[in-house]
file work01.cif (mmCIF, C-alpha atoms)
data_final
#
loop_
_atom_site.group_PDB
_atom_site.id
_atom_site.type_symbol
_atom_site.label_atom_id
_atom_site.label_comp_id
_atom_site.auth_asym_id
_atom_site.auth_seq_id
_atom_site.Cartn_x
_atom_site.Cartn_y
_atom_site.Cartn_z
ATOM 1 C CA MET E 27 -11.722 10.855 -29.948
ATOM 2 C CA SER E 28 -14.159 8.882 -32.056
ATOM 3 C CA ASP E 29 -13.425 5.252 -32.898
ATOM 4 C CA GLU E 30 -15.337 5.593 -36.165
ATOM 5 C CA PRO E 31 -13.279 5.235 -39.377
ATOM 6 C CA TYR E 32 -11.727 8.409 -40.688
ATOM 7 C CA ASP E 33 -13.116 9.915 -43.851
ATOM 8 C CA VAL E 34 -9.611 10.710 -45.081
ATOM 9 C CA ILE E 35 -6.137 9.691 -43.919
ATOM 10 C CA THR E 36 -3.212 11.178 -45.821
ATOM 11 C CA MET E 37 0.417 10.129 -45.495
ATOM 12 C CA GLY E 38 3.698 11.852 -46.221
ATOM 13 C CA ARG E 39 5.243 15.277 -46.587
ATOM 14 C CA ILE E 40 4.828 18.155 -44.149
ATOM 15 C CA GLY E 41 6.812 21.320 -43.556
ATOM 16 C CA VAL E 42 6.765 25.049 -42.987
ATOM 17 C CA ASP E 43 6.110 27.225 -46.052
ATOM 18 C CA LEU E 44 7.649 30.697 -46.011
ATOM 19 C CA TYR E 45 6.254 33.048 -48.660
ATOM 20 C CA PRO E 46 7.207 36.678 -49.337
ATOM 21 C CA LEU E 47 4.298 38.879 -48.364
ATOM 22 C CA VAL E 48 4.861 40.987 -51.477
ATOM 23 C CA THR E 49 4.440 39.199 -54.800
ATOM 24 C CA GLY E 50 6.847 39.642 -57.685
ATOM 25 C CA VAL E 51 9.865 40.087 -55.393
ATOM 26 C CA PRO E 52 12.901 37.740 -55.622
ATOM 27 C CA LEU E 53 13.835 35.997 -52.379
ATOM 28 C CA ALA E 54 17.095 37.923 -52.263
ATOM 29 C CA GLU E 55 15.105 41.161 -52.009
ATOM 30 C CA ALA E 56 12.176 39.985 -49.867
ATOM 31 C CA GLU E 57 12.074 41.415 -46.344
ATOM 32 C CA THR E 58 8.844 40.048 -44.877
ATOM 33 C CA PHE E 59 7.497 36.528 -45.019
ATOM 34 C CA GLY E 60 4.335 34.693 -44.041
ATOM 35 C CA LYS E 61 4.634 31.345 -42.260
ATOM 36 C CA PHE E 62 2.192 28.578 -43.191
ATOM 37 C CA LEU E 63 1.659 24.864 -42.776
ATOM 38 C CA GLY E 64 2.779 23.154 -45.992
ATOM 39 C CA GLY E 65 3.366 19.798 -47.632
ATOM 40 C CA SER E 66 0.890 18.284 -50.073
ATOM 41 C CA PRO E 67 -0.536 15.453 -47.912
ATOM 42 C CA ALA E 68 -0.969 17.825 -44.970
ATOM 43 C CA ASN E 69 -2.683 20.383 -47.204
ATOM 44 C CA VAL E 70 -5.037 17.769 -48.671
ATOM 45 C CA ALA E 71 -6.047 16.732 -45.146
ATOM 46 C CA VAL E 72 -6.711 20.390 -44.297
ATOM 47 C CA ALA E 73 -8.693 20.905 -47.512
ATOM 48 C CA ALA E 74 -10.919 17.895 -46.801
ATOM 49 C CA ALA E 75 -11.385 18.968 -43.174
ATOM 50 C CA ARG E 76 -12.527 22.406 -44.359
ATOM 51 C CA LEU E 77 -15.224 20.605 -46.341
ATOM 52 C CA GLY E 78 -16.489 18.867 -43.213
ATOM 53 C CA ARG E 79 -14.570 15.608 -43.411
ATOM 54 C CA ARG E 80 -12.908 13.839 -40.479
ATOM 55 C CA THR E 81 -9.248 13.701 -41.424
ATOM 56 C CA ALA E 82 -5.831 12.734 -40.106
ATOM 57 C CA VAL E 83 -2.296 12.810 -41.476
ATOM 58 C CA VAL E 84 0.486 10.261 -40.974
ATOM 59 C CA THR E 85 3.717 12.241 -40.993
ATOM 60 C CA ARG E 86 6.803 13.204 -39.009
ATOM 61 C CA THR E 87 8.314 16.529 -37.926
ATOM 62 C CA GLY E 88 11.498 17.467 -36.176
ATOM 63 C CA ALA E 89 11.552 17.775 -32.381
ATOM 64 C CA ASP E 90 11.771 21.535 -32.672
ATOM 65 C CA PRO E 91 9.590 24.671 -32.511
ATOM 66 C CA PHE E 92 8.620 24.401 -36.188
ATOM 67 C CA GLY E 93 7.379 20.869 -35.549
ATOM 68 C CA ALA E 94 5.292 22.100 -32.627
ATOM 69 C CA TYR E 95 3.927 24.864 -34.872
ATOM 70 C CA LEU E 96 2.861 22.358 -37.550
ATOM 71 C CA ARG E 97 1.042 20.100 -35.101
ATOM 72 C CA SER E 98 -0.727 23.126 -33.629
ATOM 73 C CA GLU E 99 -1.765 24.233 -37.122
ATOM 74 C CA LEU E 100 -3.112 20.767 -37.949
ATOM 75 C CA ARG E 101 -5.239 20.755 -34.815
ATOM 76 C CA GLY E 102 -6.412 24.293 -35.527
ATOM 77 C CA PHE E 103 -7.602 23.211 -38.965
ATOM 78 C CA GLY E 104 -9.446 20.226 -37.488
ATOM 79 C CA VAL E 105 -6.940 17.586 -38.658
ATOM 80 C CA ASP E 106 -6.085 14.811 -36.191
ATOM 81 C CA ASP E 107 -2.336 14.986 -35.487
ATOM 82 C CA ARG E 108 -2.052 11.788 -33.429
ATOM 83 C CA TRP E 109 0.233 10.249 -36.098
ATOM 84 C CA ALA E 110 2.349 13.392 -36.624
ATOM 85 C CA ALA E 111 5.196 12.221 -34.415
ATOM 86 C CA GLU E 112 8.598 13.791 -33.795
ATOM 87 C CA VAL E 113 11.940 12.564 -35.141
ATOM 88 C CA ALA E 114 14.721 14.018 -33.021
ATOM 89 C CA ALA E 115 17.495 13.324 -35.529
ATOM 90 C CA TYR E 116 16.282 15.704 -38.248
ATOM 91 C CA PRO E 117 14.960 19.291 -38.373
ATOM 92 C CA THR E 118 11.465 20.152 -39.563
ATOM 93 C CA PRO E 119 11.676 21.014 -43.277
ATOM 94 C CA VAL E 120 11.271 24.569 -44.511
ATOM 95 C CA THR E 121 10.234 25.541 -48.045
ATOM 96 C CA PHE E 122 10.663 29.005 -49.529
ATOM 97 C CA CYS E 123 8.711 30.171 -52.568
ATOM 98 C CA GLU E 124 9.115 33.040 -54.993
ATOM 99 C CA ILE E 125 5.780 34.352 -56.245
ATOM 100 C CA PHE E 126 5.657 35.669 -59.783
ATOM 101 C CA PRO E 127 2.028 35.483 -60.950
ATOM 102 C CA PRO E 128 0.448 34.142 -62.994
ATOM 103 C CA ASP E 129 2.562 31.066 -63.639
ATOM 104 C CA ARG E 130 6.026 31.153 -62.069
ATOM 105 C CA PHE E 131 6.378 29.977 -58.472
ATOM 106 C CA PRO E 132 9.875 28.531 -57.899
ATOM 107 C CA LEU E 133 10.210 26.365 -54.784
ATOM 108 C CA TYR E 134 13.307 25.974 -52.652
ATOM 109 C CA PHE E 135 13.158 22.909 -50.397
ATOM 110 C CA TYR E 136 15.317 22.671 -47.282
ATOM 111 C CA ARG E 137 15.039 18.993 -46.357
ATOM 112 C CA GLU E 138 18.635 18.086 -45.552
ATOM 113 C CA PRO E 139 20.250 15.938 -44.310
ATOM 114 C CA LYS E 140 16.892 14.137 -44.478
ATOM 115 C CA ALA E 141 13.270 15.110 -43.981
ATOM 116 C CA PRO E 142 11.598 13.594 -40.897
ATOM 117 C CA ASP E 143 8.563 12.636 -43.013
ATOM 118 C CA LEU E 144 10.800 10.142 -44.850
ATOM 119 C CA GLU E 145 11.420 8.420 -41.500
ATOM 120 C CA ILE E 146 7.894 6.954 -41.232
ATOM 121 C CA ARG E 147 8.358 3.258 -40.419
ATOM 122 C CA ALA E 148 6.047 0.364 -41.243
ATOM 123 C CA GLU E 149 6.027 -0.950 -37.681
ATOM 124 C CA GLU E 150 4.775 2.420 -36.405
ATOM 125 C CA LEU E 151 1.662 2.510 -38.600
ATOM 126 C CA ASP E 152 -1.867 2.072 -37.276
ATOM 127 C CA LEU E 153 -2.792 -0.343 -40.046
ATOM 128 C CA GLU E 154 -6.257 -0.934 -38.634
ATOM 129 C CA ALA E 155 -7.115 2.750 -38.946
ATOM 130 C CA ILE E 156 -5.467 3.056 -42.367
ATOM 131 C CA GLY E 157 -7.296 -0.001 -43.631
ATOM 132 C CA ALA E 158 -10.642 1.269 -42.339
ATOM 133 C CA ALA E 159 -10.364 4.847 -43.648
ATOM 134 C CA ARG E 160 -12.870 5.666 -46.351
ATOM 135 C CA VAL E 161 -10.108 7.425 -48.316
ATOM 136 C CA PHE E 162 -6.371 6.850 -47.999
ATOM 137 C CA TRP E 163 -4.109 9.330 -49.822
ATOM 138 C CA MET E 164 -0.388 8.735 -50.456
ATOM 139 C CA THR E 165 2.165 10.465 -52.664
ATOM 140 C CA GLY E 166 5.064 9.754 -54.968
ATOM 141 C CA THR E 167 7.471 11.597 -52.678
ATOM 142 C CA GLY E 168 6.747 9.022 -49.980
ATOM 143 C CA LEU E 169 8.328 6.432 -52.282
ATOM 144 C CA SER E 170 11.567 8.375 -52.706
ATOM 145 C CA ALA E 171 13.507 6.888 -49.774
ATOM 146 C CA GLU E 172 13.440 4.287 -47.034
ATOM 147 C CA PRO E 173 11.948 3.681 -44.541
ATOM 148 C CA SER E 174 9.065 5.810 -45.896
ATOM 149 C CA ARG E 175 8.947 3.728 -49.086
ATOM 150 C CA GLY E 176 8.418 0.452 -47.254
ATOM 151 C CA ALA E 177 5.920 2.053 -44.883
ATOM 152 C CA THR E 178 3.920 3.455 -47.807
ATOM 153 C CA PHE E 179 3.704 0.070 -49.496
ATOM 154 C CA THR E 180 2.741 -1.553 -46.179
ATOM 155 C CA ALA E 181 -0.079 0.959 -45.846
ATOM 156 C CA LEU E 182 -1.227 0.349 -49.419
ATOM 157 C CA GLU E 183 -1.229 -3.406 -48.878
ATOM 158 C CA ALA E 184 -3.270 -2.966 -45.699
ATOM 159 C CA ARG E 185 -5.883 -1.230 -47.801
ATOM 160 C CA ASP E 186 -6.197 -4.287 -50.064
ATOM 161 C CA ARG E 187 -7.738 -1.886 -52.623
ATOM 162 C CA GLY E 188 -10.565 -1.254 -50.185
ATOM 163 C CA GLY E 189 -12.460 2.032 -50.117
ATOM 164 C CA VAL E 190 -10.827 4.818 -52.133
ATOM 165 C CA THR E 191 -7.040 4.613 -52.277
ATOM 166 C CA VAL E 192 -5.514 7.632 -54.008
ATOM 167 C CA PHE E 193 -2.012 7.767 -55.458
ATOM 168 C CA ASP E 194 -1.041 11.432 -55.845
ATOM 169 C CA LEU E 195 1.757 11.101 -58.414
ATOM 170 C CA ASP E 196 3.436 14.188 -56.875
ATOM 171 C CA TRP E 197 6.631 14.158 -58.941
ATOM 172 C CA ARG E 198 9.276 16.302 -57.236
ATOM 173 C CA PRO E 199 12.571 15.238 -58.858
ATOM 174 C CA MET E 200 14.660 17.416 -56.534
ATOM 175 C CA LEU E 201 13.445 15.312 -53.587
ATOM 176 C CA TRP E 202 14.817 12.068 -55.067
ATOM 177 C CA ALA E 203 18.467 11.082 -54.724
ATOM 178 C CA ASP E 204 20.223 10.730 -58.073
ATOM 179 C CA GLY E 205 20.608 6.967 -57.686
ATOM 180 C CA GLU E 206 16.927 6.481 -56.862
ATOM 181 C CA ARG E 207 15.324 8.242 -59.837
ATOM 182 C CA SER E 208 15.905 5.281 -62.136
ATOM 183 C CA ARG E 209 13.572 3.252 -59.902
ATOM 184 C CA VAL E 210 10.615 5.616 -60.340
ATOM 185 C CA PRO E 211 8.854 3.611 -63.110
ATOM 186 C CA GLU E 212 9.094 0.398 -61.085
ATOM 187 C CA LEU E 213 7.975 1.978 -57.824
ATOM 188 C CA TYR E 214 5.139 3.957 -59.397
ATOM 189 C CA ALA E 215 3.886 0.869 -61.233
ATOM 190 C CA ARG E 216 3.788 -1.093 -57.986
ATOM 191 C CA ALA E 217 1.869 1.682 -56.209
ATOM 192 C CA LEU E 218 -0.601 2.035 -59.088
ATOM 193 C CA GLY E 219 -1.359 -1.654 -58.783
ATOM 194 C CA LEU E 220 -2.414 -1.085 -55.167
ATOM 195 C CA ALA E 221 -4.388 2.153 -55.676
ATOM 196 C CA THR E 222 -7.896 2.789 -57.003
ATOM 197 C CA VAL E 223 -7.428 6.438 -58.072
ATOM 198 C CA ALA E 224 -4.419 8.163 -59.661
ATOM 199 C CA VAL E 225 -4.127 11.963 -59.744
ATOM 200 C CA GLY E 226 -1.449 14.023 -61.445
ATOM 201 C CA ASN E 227 -0.649 16.770 -63.899
ATOM 202 C CA VAL E 228 0.526 16.010 -67.426
ATOM 203 C CA GLU E 229 4.212 15.879 -66.455
ATOM 204 C CA GLU E 230 3.531 13.617 -63.465
ATOM 205 C CA CYS E 231 1.409 11.291 -65.557
ATOM 206 C CA ALA E 232 4.184 11.133 -68.155
ATOM 207 C CA VAL E 233 6.698 10.168 -65.465
ATOM 208 C CA ALA E 234 4.344 7.441 -64.234
ATOM 209 C CA THR E 235 3.398 6.032 -67.632
ATOM 210 C CA GLY E 236 5.851 7.265 -70.262
ATOM 211 C CA GLU E 237 2.919 8.893 -72.104
ATOM 212 C CA ARG E 238 2.707 12.667 -72.548
ATOM 213 C CA ASP E 239 -0.626 12.702 -74.343
ATOM 214 C CA PRO E 240 -3.276 13.081 -71.589
ATOM 215 C CA TRP E 241 -5.628 10.460 -73.055
ATOM 216 C CA ALA E 242 -2.832 7.957 -73.595
ATOM 217 C CA ALA E 243 -1.529 8.615 -70.078
ATOM 218 C CA GLY E 244 -5.007 8.140 -68.614
ATOM 219 C CA ARG E 245 -5.424 4.822 -70.427
ATOM 220 C CA ALA E 246 -1.989 3.716 -69.221
ATOM 221 C CA LEU E 247 -2.897 4.549 -65.628
ATOM 222 C CA LEU E 248 -6.036 2.429 -65.947
ATOM 223 C CA ALA E 249 -3.997 -0.399 -67.426
ATOM 224 C CA ALA E 250 -1.641 -0.164 -64.449
ATOM 225 C CA GLY E 251 -4.524 -1.005 -62.125
ATOM 226 C CA VAL E 252 -6.477 2.057 -60.977
ATOM 227 C CA GLU E 253 -10.199 2.489 -61.507
ATOM 228 C CA LEU E 254 -10.130 6.274 -62.025
ATOM 229 C CA ALA E 255 -7.343 8.276 -63.674
ATOM 230 C CA VAL E 256 -7.438 12.056 -63.201
ATOM 231 C CA VAL E 257 -5.139 14.112 -65.437
ATOM 232 C CA LYS E 258 -4.852 17.804 -64.550
ATOM 233 C CA ARG E 259 -4.094 19.861 -67.672
ATOM 234 C CA GLY E 260 -3.792 23.379 -66.252
ATOM 235 C CA PRO E 261 -5.494 25.936 -68.525
ATOM 236 C CA GLU E 262 -7.042 23.096 -70.558
ATOM 237 C CA GLY E 263 -8.972 21.780 -67.560
ATOM 238 C CA VAL E 264 -9.166 18.269 -66.147
ATOM 239 C CA LEU E 265 -9.556 14.920 -67.878
ATOM 240 C CA ALA E 266 -10.808 11.806 -66.070
ATOM 241 C CA LEU E 267 -10.969 8.280 -67.453
ATOM 242 C CA HIS E 268 -12.852 5.542 -65.592
ATOM 243 C CA ARG E 269 -12.416 1.816 -65.941
ATOM 244 C CA ASP E 270 -16.070 1.562 -66.989
ATOM 245 C CA GLY E 271 -15.187 3.453 -70.187
ATOM 246 C CA THR E 272 -16.506 6.849 -69.087
ATOM 247 C CA VAL E 273 -14.444 9.868 -70.160
ATOM 248 C CA THR E 274 -15.067 13.221 -68.461
ATOM 249 C CA GLU E 275 -13.591 16.586 -69.418
ATOM 250 C CA VAL E 276 -14.174 19.693 -67.309
ATOM 251 C CA PRO E 277 -12.908 23.184 -68.191
ATOM 252 C CA PRO E 278 -10.947 25.279 -65.679
ATOM 253 C CA VAL E 279 -12.418 28.047 -63.556
ATOM 254 C CA ALA E 280 -11.089 31.474 -64.530
ATOM 255 C CA VAL E 281 -9.164 33.235 -61.768
ATOM 256 C CA ASP E 282 -6.643 36.042 -61.339
ATOM 257 C CA VAL E 283 -3.767 33.962 -59.997
ATOM 258 C CA VAL E 284 -1.946 35.198 -56.908
ATOM 259 C CA ASN E 285 -0.130 31.973 -55.983
ATOM 260 C CA GLY E 286 -0.615 28.760 -57.930
ATOM 261 C CA LEU E 287 0.871 26.612 -55.155
ATOM 262 C CA GLY E 288 -1.732 24.790 -53.106
ATOM 263 C CA ALA E 289 -4.365 24.795 -55.838
ATOM 264 C CA GLY E 290 -3.692 21.126 -56.538
ATOM 265 C CA ASP E 291 -4.075 20.278 -52.858
ATOM 266 C CA ALA E 292 -7.402 22.108 -52.720
ATOM 267 C CA PHE E 293 -8.442 20.090 -55.762
ATOM 268 C CA GLY E 294 -7.381 16.943 -53.899
ATOM 269 C CA GLY E 295 -9.425 17.741 -50.818
ATOM 270 C CA ALA E 296 -12.488 18.430 -52.963
ATOM 271 C CA LEU E 297 -11.856 15.237 -54.930
ATOM 272 C CA CYS E 298 -11.896 13.245 -51.674
ATOM 273 C CA HIS E 299 -15.064 15.005 -50.543
ATOM 274 C CA GLY E 300 -16.893 14.413 -53.810
ATOM 275 C CA LEU E 301 -15.905 10.765 -54.061
ATOM 276 C CA LEU E 302 -17.036 10.200 -50.471
ATOM 277 C CA ALA E 303 -20.337 11.882 -51.296
ATOM 278 C CA GLY E 304 -20.847 9.521 -54.219
ATOM 279 C CA TRP E 305 -21.146 12.347 -56.727
ATOM 280 C CA PRO E 306 -20.840 11.815 -60.510
ATOM 281 C CA VAL E 307 -17.278 12.330 -61.709
ATOM 282 C CA GLU E 308 -18.146 15.540 -63.553
ATOM 283 C CA ARG E 309 -19.495 17.172 -60.384
ATOM 284 C CA VAL E 310 -16.462 16.006 -58.416
ATOM 285 C CA LEU E 311 -14.114 17.582 -60.956
ATOM 286 C CA ARG E 312 -16.070 20.838 -61.089
ATOM 287 C CA TYR E 313 -15.842 21.170 -57.303
ATOM 288 C CA GLY E 314 -12.142 20.357 -57.465
ATOM 289 C CA ASN E 315 -11.515 22.992 -60.136
ATOM 290 C CA ALA E 316 -13.440 25.611 -58.175
ATOM 291 C CA ALA E 317 -11.571 24.809 -54.957
ATOM 292 C CA GLY E 318 -8.248 25.039 -56.783
ATOM 293 C CA ALA E 319 -9.183 28.349 -58.370
ATOM 294 C CA ILE E 320 -10.110 29.837 -54.999
ATOM 295 C CA VAL E 321 -6.734 28.918 -53.518
ATOM 296 C CA ALA E 322 -4.859 30.104 -56.619
ATOM 297 C CA GLY E 323 -6.430 33.511 -56.024
ATOM 298 C CA ARG E 324 -5.006 33.689 -52.492
ATOM 299 C CA LEU E 325 -1.464 33.931 -51.132
ATOM 300 C CA ALA E 326 -1.404 31.025 -48.681
ATOM 301 C CA CYS E 327 -2.011 27.296 -49.129
ATOM 302 C CA SER E 328 -3.378 25.611 -46.004
ATOM 303 C CA SER E 329 -5.140 28.651 -44.556
ATOM 304 C CA ALA E 330 -6.582 29.459 -47.992
ATOM 305 C CA MET E 331 -8.514 26.192 -48.342
ATOM 306 C CA PRO E 332 -12.194 26.970 -49.038
ATOM 307 C CA VAL E 333 -15.354 25.815 -47.312
ATOM 308 C CA LEU E 334 -18.282 24.373 -49.272
ATOM 309 C CA SER E 335 -20.228 27.639 -49.420
ATOM 310 C CA GLU E 336 -17.283 29.373 -51.124
ATOM 311 C CA ILE E 337 -17.010 26.625 -53.736
ATOM 312 C CA GLU E 338 -20.743 26.676 -54.381
ATOM 313 C CA GLU E 339 -20.657 30.447 -54.792
ATOM 314 C CA VAL E 340 -17.973 30.128 -57.477
ATOM 315 C CA LEU E 341 -19.953 27.437 -59.269
ATOM 316 C CA GLY E 342 -23.120 29.523 -59.098
#
call {"tool": "encode", "arguments": {"input": "work01.cif", "output": "structure tokens"}}
result
Amino acid sequence: MSDEPYDVITMGRIGVDLYPLVTGVPLAEAETFGKFLGGSPANVAVAAARLGRRTAVVTRTGADPFGAYLRSELRGFGVDDRWAAEVAAYPTPVTFCEIFPPDRFPLYFYREPKAPDLEIRAEELDLEAIGAARVFWMTGTGLSAEPSRGATFTALEARDRGGVTVFDLDWRPMLWADGERSRVPELYARALGLATVAVGNVEECAVATGERDPWAAGRALLAAGVELAVVKRGPEGVLALHRDGTVTEVPPVAVDVVNGLGAGDAFGGALCHGLLAGWPVERVLRYGNAAGAIVAGRLACSSAMPVLSEIEEVLG
């Protein structure tokens, strides 16, 4: 394997997604399911790899057949799985989804008694590789429990705000223990102070900043320490505020939605690609929107991630 720095290293959640193969059917009535690699950081690594980037993911699976499946899928998608280790104490997570297009996709997470990806430990990290990566991507879920929380902050500190360090706000309240949710503002503020880019939808930005207005939330994210705040507004498009005072708004790409899950991860992979390419923010966001639209028009997440030619075709 190359000793050159990775283009993108992501860290955090991974699991097996099980989706009914017929849309509009409740789980109780579904009879056939598709099995896919899932978990936002894993999907972002896949999305960036599909765009030609050298990627890796820092995560953990169970020591079980589903864990072996996930590592095989990562390798098949061109994502380095060297840091996707096994944790014998916990099973690989499984997530079921109900698919009711265009805008209802309930998720059912099976991550008990604890997800292996929350067992990432600081002393196990390759801090040299994380520090050297051109983009490092972490998520809010990684802050939800120890030892993952401490490991995530150790990784962020190793970055020393070097390169592009992305905080995916990734607010999944059901993945936080009741007693830990009160710490979210404190933990998110600390992570924002160590990141250079923040990405989230309106709800996630509100959780991070207390501001529901997209412009106010973007300004609050900048005040917390990042250089670029990206607020995803669904059918209203994407808003980005830069520390240099630049404000960019990009409309969405129209699509007949099949499954909205995974669209944000496709956006994330394209965001990484565009930032690495040094593109203007508007072009980066347009590529991200197009990538997200492509995935929203497909059933799967990881295997639906587009290549550059598909994005360029959508953009004309």
call {"tool": "closest_residue", "arguments": {"input": "work01.cif", "among": "E:Glu30, E:Lys140, E:Asp152, E:Ala289", "to": "E:Arg108", "atoms": "only C-alpha atoms"}}
result
E:Asp152
call {"tool": "closest_residue", "arguments": {"input": "work01.cif", "among": "E:Val105, E:Leu267, E:Leu144, E:Ala73", "to": "E:Cys298", "atoms": "all atoms listed in the file"}}
result
E:Ala73
call {"tool": "resolve_selection", "arguments": {"input": "work01.cif", "expression": "the PyMOL selection byres ((chain E and resi 218) around 8)", "output": "compact mmCIF listing (two decimals) with C-alpha atoms, in the coordinates of the input"}}
result
# COMPACT_ATOMS: atom_id res chain seq x y z
CA PHE E 193 -2.01 7.77 -55.46
CA TYR E 214 5.14 3.96 -59.40
CA ALA E 215 3.89 0.87 -61.23
CA ARG E 216 3.79 -1.09 -57.99
CA ALA E 217 1.87 1.68 -56.21
CA GLY E 219 -1.36 -1.65 -58.78
CA LEU E 220 -2.41 -1.08 -55.17
CA ALA E 221 -4.39 2.15 -55.68
CA THR E 222 -7.90 2.79 -57.00
CA ALA E 224 -4.42 8.16 -59.66
CA LEU E 247 -2.90 4.55 -65.63
CA ALA E 250 -1.64 -0.16 -64.45
CA GLY E 251 -4.52 -1.00 -62.12
CA VAL E 252 -6.48 2.06 -60.98
call {"tool": "residues_around", "arguments": {"input": "work01.cif", "residues": "E:Asp90", "least_positions_apart": "2", "cutoff": "10 Å", "atoms": "only C-alpha atoms", "output": "list of chain:residue names"}}
result
E:Thr87, E:Gly88, E:Phe92, E:Gly93, E:Ala94, E:Tyr95, E:Glu112, E:Val113, E:Ala114, E:Tyr116, E:Pro117, E:Thr118
call {"tool": "closest_residue", "arguments": {"input": "work01.cif", "among": "E:Ala255, E:Leu213, E:Val190, E:Ala89", "to": "E:Gly304", "atoms": "only C-alpha atoms"}}
result
E:Val190
call {"tool": "resolve_selection", "arguments": {"input": "work01.cif", "expression": "the PyMOL selection byres ((chain E and resi 287) around 8)", "output": "number ranges by chain"}}
result
E: 131, 285-286, 288-290, 322, 327
call {"tool": "closest_residue", "arguments": {"input": "work01.cif", "among": "E:Leu151, E:Val273, E:Val321, E:Ala242", "to": "E:Val333", "atoms": "only C-alpha atoms"}}
result
E:Val321
call {"tool": "build_atoms", "arguments": {"input": "work01.cif", "residues": "stretch 223-236 of chain E", "atoms": "N, CA and C atoms", "output": "JSON list (two decimals), in the coordinates of the input"}}
result
[["chain", "number", "residue", "atom", "x", "y", "z"],
["E", 223, "VAL", "N", -7.36, 5.15, -57.39],
["E", 223, "VAL", "CA", -7.43, 6.44, -58.07],
["E", 223, "VAL", "C", -6.01, 6.97, -58.23],
["E", 224, "ALA", "N", -5.70, 7.48, -59.43],
["E", 224, "ALA", "CA", -4.42, 8.16, -59.66],
["E", 224, "ALA", "C", -4.71, 9.60, -60.05],
["E", 225, "VAL", "N", -3.94, 10.53, -59.48],
["E", 225, "VAL", "CA", -4.13, 11.96, -59.74],
["E", 225, "VAL", "C", -2.77, 12.58, -60.05],
["E", 226, "GLY", "N", -2.69, 13.34, -61.14],
["E", 226, "GLY", "CA", -1.45, 14.02, -61.44],
["E", 226, "GLY", "C", -1.61, 14.99, -62.59],
["E", 227, "ASN", "N", -0.65, 15.90, -62.73],
["E", 227, "ASN", "CA", -0.65, 16.77, -63.90],
["E", 227, "ASN", "C", -0.02, 16.02, -65.07],
["E", 228, "VAL", "N", 0.05, 16.69, -66.22],
["E", 228, "VAL", "CA", 0.53, 16.01, -67.43],
["E", 228, "VAL", "C", 1.95, 15.49, -67.25],
["E", 229, "GLU", "N", 2.83, 16.31, -66.66],
["E", 229, "GLU", "CA", 4.21, 15.88, -66.46],
["E", 229, "GLU", "C", 4.27, 14.68, -65.52],
["E", 230, "GLU", "N", 3.51, 14.72, -64.42],
["E", 230, "GLU", "CA", 3.53, 13.62, -63.46],
["E", 230, "GLU", "C", 2.99, 12.34, -64.09],
["E", 231, "CYS", "N", 1.95, 12.47, -64.89],
["E", 231, "CYS", "CA", 1.41, 11.29, -65.56],
["E", 231, "CYS", "C", 2.40, 10.72, -66.56],
["E", 232, "ALA", "N", 3.17, 11.60, -67.22],
["E", 232, "ALA", "CA", 4.18, 11.13, -68.16],
["E", 232, "ALA", "C", 5.29, 10.38, -67.43],
["E", 233, "VAL", "N", 5.69, 10.87, -66.25],
["E", 233, "VAL", "CA", 6.70, 10.17, -65.46],
["E", 233, "VAL", "C", 6.19, 8.79, -65.06],
["E", 234, "ALA", "N", 4.92, 8.70, -64.71],
["E", 234, "ALA", "CA", 4.34, 7.44, -64.23],
["E", 234, "ALA", "C", 4.12, 6.44, -65.36],
["E", 235, "THR", "N", 3.83, 6.94, -66.56],
["E", 235, "THR", "CA", 3.40, 6.03, -67.63],
["E", 235, "THR", "C", 4.28, 6.06, -68.88],
["E", 236, "GLY", "N", 5.10, 7.11, -69.03],
["E", 236, "GLY", "CA", 5.85, 7.26, -70.26],
["E", 236, "GLY", "C", 5.05, 7.91, -71.38]]
